[in-house]
Every structure is written in C-alpha cells, then in structure tokens.
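Before any comments, here is the structure.
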Amino acid sequence: MQTIDNFNFAGKKAFVRVDFNVPLDENFNITDDNRIRAALPTLKKILSDGGSVIIGSHLGRPKGVTDKFSLKHILGHVSELLGVDVQFTNDCISEEAASKAAALQPGEALLLENLRFYAEEEGKPRGLAEDATEEEKKAAKAAIKESQKEFTKTLASYADCYVNDAFGTAHRAHASTALIAEYFDSNNKMFGYLMEKEVKAVEKVMNDIARPFTAIMGGSKVSSKIDIIENLLNKVDNLIITGGMTYTFTKAEGGHIGNSLCEDDKLELAHELREKAKAKGVNLVIAVDSKVADKFANDANTKICDVNEIPDGWMGLDIGPKTEALYADFIKNSKTILWNGPTGVFEFDNFSHGSQAVGEAIAEATKNGAFSLVGGGDSVACVNKFGLADKVSYVSTGGGALLEAIEGKVLPGIKAIRGY
C-alpha cells in the first residue's frame, strides 16, 4: 500500500479529502479549529514536495446550497494556518472548479465549496414527498446513484492522486471518502498523516493488545452501544459501563434508581450482557455509588448515595467517590485502555469530577507505559477540558467512525485505500 511519506508529490495535483467540519458561531467565526490543524501536516507535505492540493470537505448537514454551511467562511483561517493564499471555488463541480484545478501551480492550493451541497456526495435522494410510493423511492435512489458516478468522476478528474485524511467520515461510503478512490491505482491513493495515525491507534487497541485491557464505555443509552459492548466482550479483560447506562444496568439487577435515566425496554438486555461477560471471564464493572441531584442543573442540590438506593425525586448525574476509586484501580493496572463516554454530565462543573478522575487515572496509567486511546466527542471534550489531551497516547478525531471501528466493522474510507 502506498504511504504519504514514500510518495513524491512534485508536479502532481492531489485531491485531499479532509474533515473541516468545524463549529462556527453566529458570526461565522471558528470556535474550535482542531480539525483544520490536524490536516496541516498532510497538506504541507504535499506543498513542500512541489505538489498542489485540491481540498475537499463538508460542513454541517446541508440539504442543498445554503450560506450558513459555505466553506468560504473558513477560507481565511485555512490560508492563515497553511501559510498559502488558498483559492476558492463556490461550486465543487463547476467549470470554474475544473479550470482552477487545472491551472494550479506547484505550491498552490484550492478549496472546493461544501461537497454536501450536492446530494450526490452522500448518494441519498433529496426532496422526496413524504407520501412517495416505494416505486418512487426506488427510482429516486437509482437516479442518485447514477448521477453520483458522474459527480465522483468529475472530482477525480481534477487530480493525479488521492489522499484521504478524513477519519471522521471514514465510516461513510460517500463520493469523496470512498468512491473516488476507484479512479486511482494503488500507487496513487493513500492515507494522509492523520488518517494513518487514526488507523494505527485503532488497530493497536483492538488487535495488538497488551493486557490487561480495560474499556470505559459511557453514554446515555445502552441501545446505542449494544454492538460495541458485544464486540468488546470478545476483546477486553475489564469493561467499565458508566454514564447514563449505569442506571439501566442497576435497575436490571433490582436496584432503585429514583428519577435517573433508564431504558426500561433494555433491562433484560442489560442482564444478558452481564451474563455474557461472566461467561467470557470479563469483569463488567458498574458504579457502586452516585452523585445525585434533585434536578437536572448545575446548581441542583446534591448528595452521595449507593447507586442502587437512589431516592425518588433524585437522579444520578455522576459517579461517587467509591466508584472513582474502583474505576481508577482497574485503569491504573491496565496496559491497554479505551475510553469512550464520560461518567456523568461533565458539561456541568458540579458533575464533572468523575470524568476528570477517570481521565487522570488514564493519564497515570499512560505515564506508566499503558497505551490509551480516547475517542468520541464527549470524551475528547473531557480530556481537553481537564488539560489531559497530551497525557494520553492518542485522542481520536473520529466519533462515529471510531465507534464503528470498535464494533468491528470495515470502514469504507479505509477499505477504499487498502482494498480490505
């Protein structure tokens, strides 16, 4: 497989799929530019080699052309960070886009307008009537798939080689993240530096496991993490279930959880997962105490109580001190650690202590030689909030992509480059 380090971009035009889906405020100012910064090593490598770059990205989830999601809003900042006066075209497959791409000189860069302004990028029909018949839906899907081929072919025609550096969209079989790779032979398509690092981190934590292996899975709903938990039970030595899921598991074993978040229709599933863990010799670790509140607010009245004895009218919003110590003990004795999901409502400072304690335990284990991977928007926000991002082995930029990789799925964006 071709690698970016071994490829000489001199005199070549590279189509680089990045993830510049950054948050903007009401005045279109970027509030977090980490995703742009993450792609800089790849873009700078191409330019320093004497190549030129055609940058493709999405922003938001537009259902057509809308100023709110135009990449023109980030053009100035991209130019500033890249150190190049990046050109722009306000339509990704227009004649203007083709001519600007063709005219690019070594060391120059072109940013295409939001790829998702076209339904062809995602390959899903838009504008179907709510009462559309199955035949109409089928015809619309067939039509968008056909036009997607031309859309993809046009994007590919701009460049001599293809670089995917957008791990955050690697789980999508979209035109610019997977299908475009078919137009380049194996010597002219590759991962960017960010994508390389993401893939290596996931493979290390899932396939090159130093034991004990502990996974910390947070989140509000068991239903959204079933496949991940099922797959992890075949990999880990310890599985810590935390966050809102705690209370579904607790109630499933007869605990009283007050007004805490719970999926009553998943109680049997939670019990089954406990039994599966036991059968596989996996320690399934659940909180033993909770920091509870009388309302969902930072200024709520709080107290600590056993997780299975939460009074009516109170809800668990974070783990308690006994649980912090319990989790930390497992984490600090681990050699491989995966963290996805906070222990509570960390956005409220009053209920962030548990997540901070987990982060600090992971940092300590990492310092002592463990490999730690942190991923998922909330977990990443946690390590950033508590100043721990540089104290873990790797912080993933992928949310859904990382979760699907942990589930054991083959990601289209990776398969398109590797062939498997």
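We name chains A, B, ... following the order of the structure tokens; residues begin at 1 in each chain, and ligands are numbered from 1 as shown.
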May I have a table of the residues of range 281-327 of chain A lying at most 10 Å from range 217-234 of chain A, giving each one's closest pair of atoms and their distance in Å to one decimal, counting only C-alpha atoms, ordered by chain and ascending residue number, as CSV?
residue,atom,partner,partner_atom,distance
A:Gly281,CA,A:Leu233,CA,9.0
A:Val282,CA,A:Leu233,CA,6.8
A:Asn283,CA,A:Leu233,CA,9.4
A:Leu284,CA,A:Leu233,CA,9.0
Which residues, written as a CSV table (one decimal) with C-alpha atoms, in the first residue's frame, have at least one atom at most 7 Å from range 49-63 of chain A, with only C-alpha atoms counted and residues fewer than 3 positions away on the same chain left out?
chain,number,residue,atom,x,y,z
A,8,ASN,CA,6.8,12.3,-4.1
A,9,PHE,CA,4.1,14.9,-4.9
A,10,ALA,CA,6.4,17.1,-7.1
A,11,GLY,CA,4.5,18.3,-10.1
A,12,LYS,CA,1.3,16.4,-9.1
A,13,LYS,CA,-2.1,17.6,-8.2
A,14,ALA,CA,-3.6,15.9,-5.1
A,15,PHE,CA,-7.2,15.7,-4.2
A,16,VAL,CA,-7.2,15.7,-0.4
A,17,ARG,CA,-10.4,14.8,1.5
A,18,VAL,CA,-10.2,16.5,4.8
A,19,ASP,CA,-12.7,17.0,7.7
A,20,PHE,CA,-13.1,20.7,8.1
A,21,ASN,CA,-16.5,20.3,9.7
A,45,LYS,CA,3.9,17.8,3.0
A,46,ILE,CA,2.3,17.9,-0.5
A,66,THR,CA,-27.0,27.4,2.0
A,69,PHE,CA,-22.7,26.0,5.6
A,71,LEU,CA,-16.7,26.8,3.3
A,101,ALA,CA,-7.8,23.0,-10.5
A,104,LEU,CA,-2.9,25.1,-10.1
A,105,GLN,CA,0.8,25.5,-9.9
A,106,PRO,CA,3.2,23.7,-7.6
A,107,GLY,CA,2.8,25.0,-4.1
A,108,GLU,CA,-0.8,26.3,-4.7
A,109,ALA,CA,-4.0,25.2,-3.0
A,110,LEU,CA,-7.7,25.3,-3.9
A,111,LEU,CA,-10.6,24.8,-1.5
A,112,LEU,CA,-13.7,23.5,-3.1
A,114,ASN,CA,-19.0,22.2,0.5
A,115,LEU,CA,-19.3,18.8,-1.1
A,116,ARG,CA,-22.6,18.1,0.6
A,117,PHE,CA,-24.3,20.9,-1.2
Review point. Pick from A:Ala159, A:Val84, A:Ile331, A:Ala166: nearest to Arg35 in chain A, with only C-alpha atoms counted?
Key: A:Ala166
**Study point:** Shell of 7 Å around Leu411 in chain A, only C-alpha atoms, local chain residues under 4 positions omitted, as a PyMOL selection string
**Key:** chain A and resi 170-171+405+415
Point to revise | 7 Å contact set for range 316-327 of chain A, only C-alpha atoms, chain neighbours under 4 positions out, as JSON, numbers by chain | key: {"A": [260, 287, 288, 289, 290, 291, 292, 293, 304, 331, 343, 344, 345, 351, 354, 357]}
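Note that the spacing between CA of Gly123 in chain A and CA of Ile93 in chain A amounts to 15.4 Å.
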Check your understanding: Which of range 187-224 of chain A counts as helix (DSSP H, G or I) under DSSP, as an NGL selection string please?
Key -> :A and (187-188 or 193-207 or 222-224)
Those same residues, written as a compact mmCIF listing (two decimals), in the first residue's frame with N, CA, C and O atoms?
# COMPACT_ATOMS: atom_id res chain seq x y z
N ASN A 187 -0.94 2.85 -6.51
CA ASN A 187 0.26 3.66 -6.29
C ASN A 187 -0.05 5.14 -6.16
O ASN A 187 0.84 5.94 -5.83
N ASN A 188 -1.29 5.51 -6.43
CA ASN A 188 -1.64 6.93 -6.44
C ASN A 188 -2.81 7.26 -5.51
O ASN A 188 -3.50 8.26 -5.68
N TYR A 193 -1.52 11.82 6.89
CA TYR A 193 -0.88 11.54 8.18
C TYR A 193 -1.89 11.31 9.30
O TYR A 193 -1.72 10.43 10.14
N LEU A 194 -2.94 12.13 9.33
CA LEU A 194 -3.94 11.99 10.38
C LEU A 194 -4.64 10.64 10.28
O LEU A 194 -4.80 9.91 11.26
N MET A 195 -5.05 10.28 9.08
CA MET A 195 -5.74 9.01 8.84
C MET A 195 -4.83 7.84 9.23
O MET A 195 -5.28 6.87 9.86
N GLU A 196 -3.56 7.93 8.87
CA GLU A 196 -2.60 6.89 9.22
C GLU A 196 -2.54 6.68 10.73
O GLU A 196 -2.57 5.56 11.23
N LYS A 197 -2.45 7.79 11.46
CA LYS A 197 -2.35 7.72 12.92
C LYS A 197 -3.62 7.14 13.53
O LYS A 197 -3.56 6.33 14.46
N GLU A 198 -4.78 7.53 12.99
CA GLU A 198 -6.05 7.03 13.50
C GLU A 198 -6.15 5.52 13.30
O GLU A 198 -6.53 4.78 14.21
N VAL A 199 -5.83 5.07 12.10
CA VAL A 199 -5.93 3.65 11.78
C VAL A 199 -4.99 2.83 12.66
O VAL A 199 -5.36 1.78 13.21
N LYS A 200 -3.75 3.32 12.83
CA LYS A 200 -2.78 2.60 13.66
C LYS A 200 -3.23 2.54 15.12
O LYS A 200 -3.07 1.53 15.79
N ALA A 201 -3.81 3.64 15.61
CA ALA A 201 -4.27 3.68 17.01
C ALA A 201 -5.39 2.69 17.24
O ALA A 201 -5.40 1.96 18.24
N VAL A 202 -6.35 2.66 16.32
CA VAL A 202 -7.48 1.73 16.45
C VAL A 202 -6.99 0.30 16.37
O VAL A 202 -7.41 -0.57 17.16
N GLU A 203 -6.10 0.01 15.43
CA GLU A 203 -5.62 -1.36 15.27
C GLU A 203 -4.81 -1.81 16.47
O GLU A 203 -4.86 -2.98 16.87
N LYS A 204 -4.08 -0.90 17.06
CA LYS A 204 -3.30 -1.25 18.24
C LYS A 204 -4.21 -1.62 19.41
O LYS A 204 -3.99 -2.62 20.09
N VAL A 205 -5.25 -0.81 19.61
CA VAL A 205 -6.12 -1.05 20.76
C VAL A 205 -7.07 -2.23 20.54
O VAL A 205 -7.54 -2.85 21.50
N MET A 206 -7.32 -2.59 19.29
CA MET A 206 -8.24 -3.68 19.01
C MET A 206 -7.54 -5.00 18.64
O MET A 206 -8.11 -6.07 18.83
N ASN A 207 -6.32 -4.92 18.12
CA ASN A 207 -5.67 -6.12 17.60
C ASN A 207 -4.29 -6.41 18.19
O ASN A 207 -3.85 -7.55 18.22
N VAL A 222 -27.98 2.34 26.45
CA VAL A 222 -27.45 1.02 26.14
C VAL A 222 -27.72 0.68 24.68
O VAL A 222 -26.88 0.10 23.99
N SER A 223 -28.88 1.10 24.19
CA SER A 223 -29.29 0.77 22.82
C SER A 223 -28.32 1.28 21.78
O SER A 223 -28.16 0.68 20.71
N SER A 224 -27.64 2.39 22.06
CA SER A 224 -26.71 2.95 21.09
C SER A 224 -25.33 2.31 21.16
O SER A 224 -24.48 2.56 20.30
Practice item. Determine, counting only C-alpha atoms, which protein, DNA and RNA residues have an atom within 7 Å of an atom of Ala252 in chain A; residues of the same chain fewer than 6 positions away are not included. Present the result as an MDAnalysis selection string. Key: chainID A and resid 267:268 270:271
Dump of N, CA and C atoms for the selected residues, as a PDB file, in the first residue's frame:
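After the write, out_19.pdb holds the following:
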ATOM      1  N   LEU A 267     -33.849  -3.592  29.974  1.00  0.00           N
ATOM      2  CA  LEU A 267     -33.440  -4.201  31.240  1.00  0.00           C
ATOM      3  C   LEU A 267     -33.006  -5.650  31.055  1.00  0.00           C
ATOM      4  N   GLU A 268     -33.762  -6.382  30.261  1.00  0.00           N
ATOM      5  CA  GLU A 268     -33.406  -7.782  30.014  1.00  0.00           C
ATOM      6  C   GLU A 268     -32.082  -7.878  29.273  1.00  0.00           C
ATOM      7  N   ALA A 270     -29.611  -5.718  29.407  1.00  0.00           N
ATOM      8  CA  ALA A 270     -28.543  -5.404  30.354  1.00  0.00           C
ATOM      9  C   ALA A 270     -28.182  -6.627  31.193  1.00  0.00           C
ATOM     10  N   HIS A 271     -29.193  -7.343  31.620  1.00  0.00           N
ATOM     11  CA  HIS A 271     -28.950  -8.565  32.402  1.00  0.00           C
ATOM     12  C   HIS A 271     -28.222  -9.609  31.553  1.00  0.00           C
TER      13      HIS A 271
END
Review point. Between CA of Lys189 in chain A and CA of Glu404 in chain A, what is the distance, to one decimal in Å?
Key: 23.0 Å
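For the residues A:Pro212, A:Gly254, A:Gly192, A:Gly387, ranking by smallest atom-to-atom distance to Val236 in chain A using only C-alpha atoms places A:Pro212 first.
In terms of minimum interatomic distance to Asp390 in chain A, A:Thr366 ranks closest within A:Asn29, A:Asn350, A:Thr366, A:Thr336, counting only C-alpha atoms.
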Study note, to complete from the structure: Shortest contact to Pro41 in chain A, candidates A:Asp25, A:Gly168, A:Thr89, A:Leu82, atoms counted only C-alpha atoms, goes to A:Leu82
Point to revise | Nearest candidate to Val395 in chain A (options A:Thr177, A:Asn298, A:Gln356, A:Asn340; using only C-alpha atoms) | key: A:Asn340
Counting only C-alpha atoms, which residues of range 12-120 of chain A sit at most 9 Å from some atom of range 128-151 of chain A, and what is each one's closest atom pair with its distance in Å to one decimal, listed by chain and rising residue number, as JSON lines?
{"residue": "A:Ile93", "atom": "CA", "partner": "A:Phe151", "partner_atom": "CA", "distance": 7.3}
{"residue": "A:Tyr118", "atom": "CA", "partner": "A:Phe151", "partner_atom": "CA", "distance": 8.8}
{"residue": "A:Ala119", "atom": "CA", "partner": "A:Ile144", "partner_atom": "CA", "distance": 7.6}
{"residue": "A:Glu120", "atom": "CA", "partner": "A:Gln148", "partner_atom": "CA", "distance": 4.6}
Could you take the residues named above and write them with C-alpha atoms, as a tab-separated table (two decimals), in the first residue's frame?
chain	number	residue	atom	x	y	z
A	93	ILE	CA	-18.04	20.51	-9.77
A	118	TYR	CA	-24.75	18.11	-3.74
A	119	ALA	CA	-26.92	15.12	-2.82
A	120	GLU	CA	-24.53	13.06	-4.92
